[in-house]
>>> print(open('coords_37.cif').read())   # mmCIF, C-alpha atoms and all ligand atoms
data_data
#
loop_
_atom_site.label_atom_id
_atom_site.label_comp_id
_atom_site.auth_asym_id
_atom_site.auth_seq_id
_atom_site.Cartn_x
_atom_site.Cartn_y
_atom_site.Cartn_z
CA MET A 1 3.33 47.31 -23.83
CA ARG A 2 3.04 43.58 -23.03
CA MET A 3 3.13 42.75 -19.33
CA LEU A 4 5.25 39.77 -18.30
CA PRO A 5 3.17 37.22 -16.41
CA ALA A 6 3.76 37.47 -12.67
CA VAL A 7 5.49 34.46 -11.12
CA MET A 8 2.85 33.33 -8.68
CA LYS A 9 3.99 31.80 -5.44
CA LEU A 10 2.88 28.28 -4.62
CA SER A 11 2.35 26.99 -1.10
CA THR A 12 5.32 25.45 0.66
CA ARG A 13 3.01 22.55 1.51
CA ILE A 14 2.66 21.62 -2.17
CA THR A 15 6.20 22.45 -3.30
CA GLY A 16 7.65 20.60 -0.29
CA LEU A 17 5.46 17.52 -0.65
CA THR A 18 8.28 15.15 -1.57
CA GLY A 19 10.57 16.60 1.10
CA GLY A 20 12.96 18.11 -1.45
CA GLY A 21 14.54 14.82 -2.54
CA SER A 22 13.64 12.46 -5.35
CA ASP A 23 10.22 10.87 -4.90
CA GLY A 24 11.77 7.45 -5.57
CA TRP A 25 10.01 6.86 -8.87
CA ASP A 26 12.92 7.70 -11.24
CA VAL A 27 13.53 4.12 -12.43
CA PHE A 28 9.81 3.62 -12.89
CA TYR A 29 9.49 6.74 -15.09
CA LYS A 30 12.62 5.77 -17.04
CA ALA A 31 11.05 2.35 -17.78
CA ARG A 32 7.77 4.01 -18.81
CA GLN A 33 9.70 6.30 -21.19
CA MET A 34 11.54 3.32 -22.72
CA ILE A 35 8.18 1.61 -23.31
CA ALA A 36 6.82 4.81 -24.90
CA ASP A 37 9.92 4.80 -27.16
CA GLY A 38 9.01 1.30 -28.37
CA ILE A 39 11.52 -0.67 -26.28
CA LYS A 40 10.25 -3.96 -24.83
CA VAL A 41 10.57 -3.75 -21.05
CA THR A 42 9.67 -6.44 -18.50
CA GLU A 43 7.75 -4.44 -15.89
CA LEU A 44 8.11 -5.64 -12.30
CA THR A 45 7.60 -2.24 -10.69
CA ILE A 46 4.14 -1.32 -9.44
CA GLY A 47 1.41 -3.31 -7.70
CA GLU A 48 -0.84 -3.76 -10.68
CA HIS A 49 -2.30 -7.23 -11.35
CA ASP A 50 -1.69 -8.94 -14.68
CA ILE A 51 -5.43 -9.64 -14.86
CA ARG A 52 -8.05 -6.95 -15.37
CA THR A 53 -11.15 -6.35 -13.23
CA ASP A 54 -13.48 -9.37 -13.47
CA PRO A 55 -16.03 -8.95 -16.33
CA ALA A 56 -18.90 -9.74 -13.94
CA ILE A 57 -17.88 -6.74 -11.80
CA LEU A 58 -17.74 -4.58 -14.94
CA ASP A 59 -21.22 -5.80 -15.92
CA ALA A 60 -22.51 -4.73 -12.49
CA MET A 61 -20.83 -1.36 -12.98
CA ALA A 62 -22.35 -0.86 -16.44
CA GLN A 63 -25.77 -1.99 -15.27
CA SER A 64 -25.68 0.50 -12.40
CA ALA A 65 -24.54 3.35 -14.65
CA ARG A 66 -27.16 2.51 -17.32
CA GLY A 67 -29.74 2.27 -14.55
CA GLY A 68 -29.06 5.91 -13.76
CA HIS A 69 -26.57 5.77 -10.89
CA THR A 70 -24.44 8.49 -12.52
CA GLY A 71 -25.49 11.48 -10.42
CA TYR A 72 -24.02 12.59 -7.12
CA ALA A 73 -23.91 9.63 -4.76
CA MET A 74 -24.26 9.76 -0.99
CA VAL A 75 -21.09 11.46 0.27
CA PRO A 76 -20.35 8.95 3.11
CA GLY A 77 -20.96 6.06 0.70
CA ILE A 78 -24.21 4.30 -0.19
CA GLY A 79 -25.80 2.67 2.85
CA ALA A 80 -25.72 -0.89 1.50
CA LEU A 81 -21.99 -0.67 0.74
CA ARG A 82 -21.14 0.84 4.13
CA ASP A 83 -23.14 -2.03 5.71
CA LYS A 84 -21.27 -4.62 3.60
CA VAL A 85 -17.83 -3.22 4.43
CA ALA A 86 -18.81 -3.09 8.13
CA GLU A 87 -20.02 -6.70 7.96
CA ARG A 88 -16.76 -7.84 6.31
CA ILE A 89 -14.65 -6.04 8.92
CA SER A 90 -16.77 -7.45 11.80
CA ALA A 91 -16.35 -10.96 10.41
CA GLN A 92 -12.57 -10.60 9.88
CA SER A 93 -11.71 -8.85 13.14
CA GLY A 94 -14.49 -9.76 15.56
CA VAL A 95 -15.00 -6.05 16.37
CA PRO A 96 -18.69 -5.04 16.18
CA THR A 97 -18.79 -2.56 13.29
CA THR A 98 -21.68 -0.70 11.66
CA ARG A 99 -22.07 1.71 8.76
CA ASP A 100 -21.49 4.57 11.24
CA ASN A 101 -17.88 3.38 11.47
CA ILE A 102 -17.32 3.48 7.70
CA LEU A 103 -16.54 6.21 5.16
CA ILE A 104 -16.22 5.12 1.52
CA THR A 105 -13.28 6.92 -0.16
CA PRO A 106 -11.74 7.18 -3.65
CA GLY A 107 -9.22 4.39 -2.91
CA GLY A 108 -6.90 3.63 -0.03
CA GLN A 109 -4.69 6.58 -0.90
CA ALA A 110 -7.49 9.09 -0.20
CA ALA A 111 -8.32 7.11 2.96
CA LEU A 112 -4.70 7.49 4.19
CA PHE A 113 -4.89 11.23 3.59
CA ALA A 114 -8.30 11.55 5.29
CA ALA A 115 -7.28 9.47 8.32
CA HIS A 116 -4.18 11.59 8.96
CA HIS A 117 -6.10 14.80 8.28
CA ALA A 118 -8.49 13.77 11.04
CA VAL A 119 -5.82 13.27 13.72
CA CYS A 120 -2.78 15.44 12.91
CA ASP A 121 -2.52 19.16 13.47
CA GLU A 122 -0.05 21.35 11.59
CA GLY A 123 3.49 20.44 12.68
CA ASP A 124 2.50 17.28 14.58
CA THR A 125 4.88 14.34 14.33
CA ALA A 126 3.41 11.41 12.42
CA LEU A 127 5.35 8.14 12.68
CA PHE A 128 5.59 5.56 9.91
CA ILE A 129 7.53 2.33 9.60
CA ASP A 130 10.55 2.15 7.27
CA PRO A 131 10.63 0.41 4.74
CA TYR A 132 7.36 2.02 3.69
CA TYR A 133 4.97 2.42 0.78
CA ALA A 134 6.55 5.21 -1.26
CA THR A 135 3.73 7.76 -0.91
CA TYR A 136 3.59 7.74 2.91
CA PRO A 137 5.89 10.68 3.77
CA GLY A 138 4.25 12.85 1.10
CA THR A 139 0.76 11.99 2.35
CA LEU A 140 1.79 12.95 5.89
CA ARG A 141 3.31 16.23 4.69
CA ALA A 142 0.14 16.92 2.68
CA VAL A 143 -1.85 17.20 5.91
CA GLY A 144 0.81 19.45 7.46
CA ALA A 145 2.34 16.76 9.68
CA ARG A 146 6.06 16.11 10.12
CA PRO A 147 6.86 12.55 8.98
CA GLN A 148 9.23 10.56 11.19
CA ALA A 149 10.50 7.17 10.03
CA VAL A 150 10.85 4.28 12.47
CA HIS A 151 13.47 1.89 11.11
CA THR A 152 13.00 -1.86 11.06
CA ASP A 153 15.63 -4.49 10.43
CA PRO A 154 15.69 -7.39 7.94
CA ILE A 155 17.16 -9.47 10.79
CA ASN A 156 13.80 -9.12 12.57
CA GLY A 157 11.93 -9.84 9.33
CA PHE A 158 11.17 -6.09 9.12
CA GLN A 159 8.83 -6.42 12.12
CA PRO A 160 8.86 -3.28 14.30
CA ARG A 161 9.64 -3.84 17.98
CA ALA A 162 8.30 -1.71 20.85
CA THR A 163 11.92 -0.65 21.41
CA ASP A 164 12.12 0.65 17.79
CA ILE A 165 8.99 2.80 18.16
CA ALA A 166 9.20 3.95 21.79
CA PRO A 167 12.05 6.48 21.35
CA TYR A 168 9.90 8.49 18.92
CA ALA A 169 6.50 7.92 20.51
CA ALA A 170 6.51 10.56 23.27
CA ALA A 171 6.75 13.39 20.72
CA ALA A 172 4.32 11.87 18.22
CA THR A 173 0.59 12.12 17.51
CA SER A 174 0.10 9.13 15.25
CA LEU A 175 1.68 5.91 14.04
CA LEU A 176 1.06 4.48 10.57
CA ILE A 177 1.56 0.73 10.09
CA ASN A 178 0.98 -1.56 7.12
CA SER A 179 0.51 -5.31 7.46
CA PRO A 180 0.68 -7.27 5.16
CA ASN A 181 3.46 -4.91 4.17
CA ASN A 182 4.42 -3.23 0.95
CA PRO A 183 7.33 -3.50 0.13
CA THR A 184 8.67 -6.13 2.57
CA GLY A 185 5.85 -8.70 2.60
CA ALA A 186 6.03 -8.79 6.42
CA VAL A 187 2.81 -9.94 8.09
CA TYR A 188 2.94 -8.61 11.63
CA THR A 189 2.90 -11.36 14.27
CA PRO A 190 0.61 -11.30 17.33
CA GLU A 191 3.67 -10.18 19.36
CA THR A 192 4.39 -7.30 16.99
CA MET A 193 0.76 -6.16 17.08
CA GLN A 194 0.81 -6.36 20.87
CA ASP A 195 3.98 -4.22 20.96
CA ILE A 196 2.32 -1.68 18.65
CA ALA A 197 -0.85 -1.57 20.75
CA GLN A 198 1.12 -1.24 23.97
CA VAL A 199 3.20 1.70 22.66
CA SER A 200 0.08 3.35 21.18
CA VAL A 201 -1.80 3.18 24.48
CA ALA A 202 1.23 4.14 26.60
CA HIS A 203 1.90 7.26 24.50
CA ASP A 204 -1.70 8.03 23.56
CA LEU A 205 -1.06 7.66 19.81
CA TRP A 206 -3.59 7.39 17.06
CA LEU A 207 -2.89 4.23 15.09
CA ILE A 208 -3.53 4.28 11.34
CA SER A 209 -3.58 0.67 10.12
CA ASP A 210 -3.20 0.28 6.34
CA GLU A 211 -4.72 -3.13 5.61
CA VAL A 212 -5.09 -2.93 1.83
CA TYR A 213 -3.28 -6.29 1.39
CA ASP A 214 -5.45 -8.16 3.92
CA THR A 215 -6.46 -10.84 1.40
CA GLN A 216 -2.86 -11.64 0.41
CA VAL A 217 -1.44 -13.68 3.28
CA TRP A 218 0.85 -16.62 2.50
CA ARG A 219 2.02 -17.49 5.99
CA GLY A 220 0.64 -16.59 9.40
CA ARG A 221 -2.63 -14.72 9.87
CA HIS A 222 -3.78 -11.17 9.24
CA ILE A 223 -4.50 -9.41 12.54
CA SER A 224 -6.23 -6.05 12.58
CA PRO A 225 -4.87 -4.07 15.56
CA ARG A 226 -8.33 -2.54 15.96
CA SER A 227 -9.32 -5.87 17.53
CA LEU A 228 -6.83 -5.58 20.41
CA PRO A 229 -7.91 -4.31 23.87
CA SER A 230 -8.30 -0.48 24.11
CA MET A 231 -7.45 -0.10 20.41
CA SER A 232 -10.80 0.36 18.63
CA GLU A 233 -11.18 3.92 19.97
CA ARG A 234 -7.73 4.97 18.73
CA THR A 235 -7.40 3.01 15.47
CA LEU A 236 -8.37 4.08 11.95
CA VAL A 237 -8.26 1.20 9.48
CA VAL A 238 -7.58 1.91 5.80
CA GLY A 239 -9.01 -0.58 3.30
CA SER A 240 -9.28 -0.78 -0.49
CA MET A 241 -10.69 -2.79 -3.37
CA SER A 242 -7.54 -2.20 -5.44
CA LYS A 243 -5.48 -5.24 -4.46
CA SER A 244 -8.15 -7.63 -3.14
CA HIS A 245 -10.37 -7.38 -6.23
CA ALA A 246 -8.03 -6.16 -9.00
CA MET A 247 -9.94 -2.86 -9.05
CA THR A 248 -6.99 -0.43 -8.90
CA GLY A 249 -8.50 1.95 -11.47
CA SER A 250 -11.96 2.01 -9.88
CA ARG A 251 -10.63 4.04 -6.93
CA CYS A 252 -12.73 2.61 -4.12
CA GLY A 253 -11.61 2.19 -0.52
CA TRP A 254 -12.62 3.10 3.00
CA VAL A 255 -11.71 4.37 6.44
CA CYS A 256 -13.08 2.42 9.40
CA GLY A 257 -12.98 4.04 12.83
CA PRO A 258 -14.94 5.54 15.73
CA ALA A 259 -18.28 7.05 14.61
CA ASP A 260 -17.38 10.60 15.72
CA VAL A 261 -14.18 10.50 13.64
CA ILE A 262 -16.15 9.20 10.65
CA ASN A 263 -18.62 12.08 11.07
CA HIS A 264 -15.77 14.57 10.80
CA LEU A 265 -14.38 12.70 7.79
CA ILE A 266 -17.78 12.92 6.09
CA THR A 267 -17.48 16.71 6.48
CA LEU A 268 -13.98 16.52 4.97
CA ALA A 269 -15.29 14.44 2.05
CA THR A 270 -18.12 16.97 1.50
CA HIS A 271 -15.49 19.67 1.06
CA THR A 272 -12.98 17.68 -0.99
CA THR A 273 -13.92 14.57 -2.98
CA TYR A 274 -17.71 14.75 -2.63
CA GLY A 275 -17.80 10.98 -2.50
CA VAL A 276 -17.25 8.10 -4.89
CA PRO A 277 -19.28 7.54 -8.10
CA GLY A 278 -22.45 5.51 -7.45
CA PHE A 279 -21.77 2.99 -10.22
CA ILE A 280 -18.31 2.30 -8.75
CA GLN A 281 -19.89 1.75 -5.33
CA ASP A 282 -22.53 -0.59 -6.79
CA ALA A 283 -19.78 -2.59 -8.55
CA THR A 284 -17.85 -2.72 -5.25
CA LEU A 285 -20.91 -4.03 -3.43
CA PHE A 286 -21.34 -6.69 -6.12
CA ALA A 287 -17.64 -7.66 -5.82
CA LEU A 288 -17.80 -7.93 -2.02
CA ASP A 289 -21.02 -9.96 -2.25
CA ALA A 290 -19.09 -12.49 -4.36
CA GLY A 291 -17.31 -13.45 -1.11
CA PRO A 292 -13.87 -14.86 -0.31
CA GLU A 293 -13.67 -17.27 -3.30
CA LEU A 294 -13.18 -14.35 -5.69
CA GLU A 295 -10.58 -12.79 -3.37
CA GLU A 296 -8.69 -16.11 -3.17
CA ARG A 297 -8.77 -16.48 -6.97
CA ILE A 298 -7.25 -13.00 -7.36
CA ALA A 299 -4.57 -13.65 -4.72
CA GLU A 300 -3.58 -17.12 -6.00
CA PRO A 301 -1.09 -16.07 -8.77
CA PHE A 302 0.96 -14.11 -6.22
CA ARG A 303 1.11 -17.08 -3.86
CA ARG A 304 2.33 -19.21 -6.79
CA ARG A 305 4.96 -16.71 -7.98
CA ARG A 306 6.23 -16.19 -4.43
CA ALA A 307 6.93 -19.94 -4.28
CA MET A 308 8.60 -19.81 -7.72
CA THR A 309 10.86 -17.00 -6.53
CA LEU A 310 11.94 -18.85 -3.41
CA GLU A 311 12.72 -21.87 -5.57
CA ALA A 312 14.78 -19.78 -8.01
CA LEU A 313 16.72 -18.24 -5.10
CA ALA A 314 17.60 -21.61 -3.55
CA ASN A 315 21.17 -22.97 -3.87
CA GLN A 316 22.86 -19.59 -4.33
CA ASN A 317 23.66 -16.81 -1.93
CA VAL A 318 24.29 -13.70 -3.97
CA VAL A 319 20.62 -12.67 -4.07
CA LYS A 320 18.94 -13.14 -0.70
CA SER A 321 15.45 -12.49 0.58
CA VAL A 322 13.40 -12.37 3.73
CA PRO A 323 10.59 -14.61 2.35
CA PRO A 324 7.45 -12.47 2.15
CA ASP A 325 4.53 -13.70 4.26
CA GLY A 326 2.05 -11.55 2.34
CA ALA A 327 1.38 -8.98 -0.42
CA MET A 328 2.34 -9.07 -4.10
CA TYR A 329 6.07 -8.27 -3.95
CA ILE A 330 9.38 -9.77 -2.93
CA MET A 331 12.30 -7.74 -1.57
CA LEU A 332 15.65 -9.01 -2.72
CA ASP A 333 18.87 -8.20 -0.90
CA ILE A 334 21.50 -7.49 -3.60
CA ARG A 335 24.20 -6.06 -1.32
CA ALA A 336 26.58 -8.86 -2.36
CA THR A 337 26.83 -7.20 -5.80
CA GLY A 338 28.39 -4.11 -4.22
CA LEU A 339 25.72 -1.90 -5.79
CA SER A 340 23.00 0.14 -4.14
CA GLY A 341 19.41 -0.83 -4.93
CA GLU A 342 19.16 2.19 -7.21
CA GLU A 343 22.38 1.36 -9.10
CA PHE A 344 21.33 -2.26 -9.50
CA ALA A 345 17.82 -1.33 -10.71
CA ASN A 346 19.25 1.13 -13.25
CA ALA A 347 21.86 -1.35 -14.47
CA LEU A 348 19.28 -4.14 -14.78
CA LEU A 349 16.99 -1.86 -16.78
CA ASP A 350 19.81 -0.67 -19.07
CA THR A 351 21.36 -4.12 -19.59
CA HIS A 352 18.36 -6.46 -19.64
CA GLN A 353 15.33 -4.15 -19.96
CA ILE A 354 13.89 -5.49 -16.70
CA ALA A 355 12.34 -2.83 -14.47
CA VAL A 356 12.25 -3.28 -10.69
CA MET A 357 11.93 -0.73 -7.89
CA PRO A 358 15.08 0.28 -5.96
CA GLY A 359 14.72 -0.48 -2.25
CA GLU A 360 15.78 3.09 -1.50
CA SER A 361 12.42 4.26 -2.94
CA PHE A 362 10.89 2.70 0.18
CA GLY A 363 13.28 4.17 2.74
CA GLN A 364 16.75 3.82 4.17
CA ALA A 365 15.92 0.51 5.88
CA ALA A 366 15.50 -0.98 2.38
CA ALA A 367 18.84 0.28 1.00
CA GLY A 368 20.76 -2.37 -0.92
CA HIS A 369 17.53 -4.14 -1.80
CA ILE A 370 15.23 -4.15 -4.82
CA ARG A 371 11.49 -4.79 -4.83
CA VAL A 372 10.16 -7.17 -7.46
CA ALA A 373 6.42 -7.13 -8.13
CA LEU A 374 4.92 -10.61 -8.71
CA THR A 375 2.73 -9.22 -11.44
CA ILE A 376 3.51 -10.81 -14.81
CA ASP A 377 2.60 -14.24 -16.15
CA ASP A 378 4.43 -17.20 -14.65
CA ALA A 379 6.67 -18.10 -17.62
CA ALA A 380 7.85 -14.52 -18.24
CA PHE A 381 8.26 -14.04 -14.50
CA VAL A 382 10.58 -17.04 -14.11
CA ARG A 383 12.62 -15.94 -17.15
CA ALA A 384 13.03 -12.42 -15.73
CA LEU A 385 14.00 -13.82 -12.35
CA ASP A 386 16.65 -16.12 -13.84
CA THR A 387 18.08 -13.19 -15.80
CA LEU A 388 18.07 -11.01 -12.68
CA ILE A 389 19.86 -13.64 -10.58
CA GLY A 390 22.39 -14.30 -13.39
CA PHE A 391 23.05 -10.55 -13.67
CA ALA A 392 23.63 -10.27 -9.91
CA HIS A 393 26.09 -13.19 -10.07
CA SER A 394 27.98 -11.52 -12.93
CA LEU A 395 28.47 -8.46 -10.71
CA ALA A 396 29.31 -10.21 -7.45
N1 LIG B 401 -1.33 1.33 0.83
C1 LIG B 401 -0.39 0.54 0.29
C2 LIG B 401 0.55 -0.15 1.21
C3 LIG B 401 -0.29 0.38 -1.10
O1 LIG B 401 0.65 -0.41 -1.60
C4 LIG B 401 -1.20 1.09 -1.93
C5 LIG B 401 -1.15 1.00 -3.43
N2 LIG B 401 -0.04 0.48 -4.02
C6 LIG B 401 -2.16 1.89 -1.31
C7 LIG B 401 -2.20 1.99 0.06
C8 LIG B 401 -3.15 2.70 -2.08
O2 LIG B 401 -3.93 1.92 -2.90
P1 LIG B 401 -5.27 2.45 -3.55
O3 LIG B 401 -5.30 3.94 -3.43
O4 LIG B 401 -5.23 1.98 -4.96
O5 LIG B 401 -6.35 1.83 -2.76
#
>>> encode(input="coords_37.cif", output="structure tokens")
Amino acid sequence: MRMLPAVMKLSTRITGLTGGGSDGWDVFYKARQMIADGIKVTELTIGEHDIRTDPAILDAMAQSARGGHTGYAMVPGIGALRDKVAERISAQSGVPTTRDNILITPGGQAALFAAHHAVCDEGDTALFIDPYYATYPGTLRAVGARPQAVHTDPINGFQPRATDIAPYAAAATSLLINSPNNPTGAVYTPETMQDIAQVSVAHDLWLISDEVYDTQVWRGRHISPRSLPSMSERTLVVGSMSKSHAMTGSRCGWVCGPADVINHLITLATHTTYGVPGFIQDATLFALDAGPELEERIAEPFRRRRAMTLEALANQNVVKSVPPDGAMYIMLDIRATGLSGEEFANALLDTHQIAVMPGESFGQAAAGHIRVALTIDDAAFVRALDTLIGFAHSLA
């Protein structure tokens, strides 16, 4: 007699990762399916550059791998790379930083997970700012924390105020912020950072500062909250090579924080990722050694396309935006069309084969908006934008 396979029970932590709802990627997957079916789609969804990783970085990677750096690498990261990341952070923020403050991780995503794993116990409340990068709530649930959104308002340029955070802070363990911000492009002002620091100290919160877009600032200045008084002992900074060096697929990032936290995170890495491939780390070191000129060259197309977008939006008021001060996206307010962000994104994909992300994928504070990635060549980008604006006008 054949036995039926038992239905094995999965953990509630894994089955509940997306919180029961949609994970916000439906339009993205629909666009990917259309492309797989041979339909030409203009892709303005995810934060992937239209250039590939610089050939010189790939040469460094190949040279390292051919030279034998294909075995297990040092779990915390190779010493020279930890030193280089520490040096870059010291120079940017003015906070003395050494390799003991740095763990190299497989990308910023793993760094976000590790940082929250270090500070949140099961059931702890972990705050994050809405609109937010779509994976945040799932990452917080993955460590057993209870995600709590803190809403921001387009009227304030999506900058969180102390009064927005304070009502949730007493019951919380941590606060996750992201400046320059995905999806809004907000670069937090000195006043905003001061508010955040003040609330964090007053309520004894850990601050997780996601700074993966630190090289993409169009207006204002990037401030790392770790540099504010009393903040270095309670701040974990998340960094990545993905956006700054067009190395999304290389999966290399870091956590920067107090040495005792990093020691615990090294133990976590030993029992989970077991580090980052040596040839990827050598290529990262080479890329960072190339200095800010390379970073500026990689950021430049987004600065240009941001300006093109603002020009295309001028002299009409159906599609509005809070001009982004940083990062590689623009959030467009399409509420004048009467559609939700999700309805608009679906209709735009069906009618004009242009794929954008619905604002709702990034939280309730982004409802009625869409996020456009500035990630295709200039001419195609302007054409897509004109079509998008024309479509919105036809609906309004
Ligand atoms: N944080 C933010 C705000 C992001 O937008 C992303 C990627 N889109 C990440 C973290 C993770 O990036 P990675 O894992 O490629 O470093």
>>> closest_atom_pairs(input="coords_37.cif", of="chain A", to="ligand LIG 401 (chain B)", cutoff="6 Å", atoms="only C-alpha atoms and all ligand atoms", output="CSV")
residue,atom,partner,partner_atom,distance
A:Gly47,CA,B:LIG401,N2,5.5
A:Gly107,CA,B:LIG401,O5,3.8
A:Gly108,CA,B:LIG401,O5,3.3
A:Gln109,CA,B:LIG401,O3,3.7
A:Tyr133,CA,B:LIG401,C2,5.1
A:Asn182,CA,B:LIG401,C2,5.0
A:Asp210,CA,B:LIG401,N1,5.9
A:Val212,CA,B:LIG401,N1,5.8
A:Ser240,CA,B:LIG401,O5,4.5
A:Ser242,CA,B:LIG401,O4,4.8
A:Thr248,CA,B:LIG401,O4,4.9
A:Gly253,CA,B:LIG401,O5,5.7
>>> residues_near_point(input="coords_37.cif", point="(-20.0, 5.3, -4.6)", cutoff="9 Å", atoms="all atoms listed in the file", output="list in words")
Tyr72, Ala73, Met74, Val75, Pro76, Gly77, Ile78, Leu81, Ile104, Thr105, Pro106, Cys252, Gly275, Val276, Pro277, Gly278, Phe279, Ile280, Gln281, Asp282, Ala283 and Thr284 of chain A
>>> write_last_selection(input="coords_37.cif", atoms="C-alpha atoms", output="mmCIF file, keeping the file's coordinate frame")
data_model
loop_
_atom_site.group_PDB
_atom_site.id
_atom_site.type_symbol
_atom_site.label_atom_id
_atom_site.label_comp_id
_atom_site.auth_asym_id
_atom_site.auth_seq_id
_atom_site.Cartn_x
_atom_site.Cartn_y
_atom_site.Cartn_z
ATOM 1 C CA TYR A 72 -24.020 12.590 -7.120
ATOM 2 C CA ALA A 73 -23.910 9.630 -4.760
ATOM 3 C CA MET A 74 -24.260 9.760 -0.990
ATOM 4 C CA VAL A 75 -21.090 11.460 0.270
ATOM 5 C CA PRO A 76 -20.350 8.950 3.110
ATOM 6 C CA GLY A 77 -20.960 6.060 0.700
ATOM 7 C CA ILE A 78 -24.210 4.300 -0.190
ATOM 8 C CA LEU A 81 -21.990 -0.670 0.740
ATOM 9 C CA ILE A 104 -16.220 5.120 1.520
ATOM 10 C CA THR A 105 -13.280 6.920 -0.160
ATOM 11 C CA PRO A 106 -11.740 7.180 -3.650
ATOM 12 C CA CYS A 252 -12.730 2.610 -4.120
ATOM 13 C CA GLY A 275 -17.800 10.980 -2.500
ATOM 14 C CA VAL A 276 -17.250 8.100 -4.890
ATOM 15 C CA PRO A 277 -19.280 7.540 -8.100
ATOM 16 C CA GLY A 278 -22.450 5.510 -7.450
ATOM 17 C CA PHE A 279 -21.770 2.990 -10.220
ATOM 18 C CA ILE A 280 -18.310 2.300 -8.750
ATOM 19 C CA GLN A 281 -19.890 1.750 -5.330
ATOM 20 C CA ASP A 282 -22.530 -0.590 -6.790
ATOM 21 C CA ALA A 283 -19.780 -2.590 -8.550
ATOM 22 C CA THR A 284 -17.850 -2.720 -5.250
#
>>> atom_distance(input="coords_37.cif", atom1="atom CA of Ala86 of chain A", atom2="atom CA of Val187 of chain A")
22.7 Å
>>> atom_distance(input="coords_37.cif", atom1="atom CA of Ala327 of chain A", atom2="atom CA of Glu300 of chain A")
11.0 Å
>>> atom_distance(input="coords_37.cif", atom1="atom CA of Glu43 of chain A", atom2="atom CA of Gly157 of chain A")
26.1 Å
>>> residues_around(input="coords_37.cif", residues="Val27 of chain A", least_positions_apart="6", cutoff="12 Å", atoms="all atoms listed in the file", output="number ranges by chain")
A: 33-34, 43-46, 341-350, 353-361, 370-371
>>> residues_around(input="coords_37.cif", residues="Glu233 of chain A", least_positions_apart="3", cutoff="10 Å", atoms="all atoms listed in the file", output="PyMOL selection string")
chain A and resi 206-207+226+229-230+236+257-259+261
>>> closest_residue(input="coords_37.cif", among="A:Leu268, A:Ala307, A:Ile334, A:Val119", to="Arg234 of chain A", atoms="only C-alpha atoms")
A:Val119
>>> residues_near_point(input="coords_37.cif", point="(1.6, -18.8, -8.0)", cutoff="12 Å", atoms="only C-alpha atoms", output="PyMOL selection string")
chain A and resi 216+218+296-311+328+374-379+381-382
>>> residues_around(input="coords_37.cif", residues="segment 138-146 of chain A", least_positions_apart="6", cutoff="12 Å", atoms="only C-alpha atoms", output="ChimeraX atom specification")
/A:11-24,108-128,132,171-176,208
>>> closest_residue(input="coords_37.cif", among="A:Met8, A:Ile165, A:Ile102, A:Leu288", to="His264 of chain A", atoms="all atoms listed in the file")
A:Ile102
>>> axis_aligned_box(input="coords_37.cif", around="segment 12-20 of chain A", padding_each_side="3 Å", output="lines of an AutoDock Vina configuration file")
center_x = 7.8
center_y = 20.3
center_z = -0.9
size_x = 16.3
size_y = 16.3
size_z = 10.8
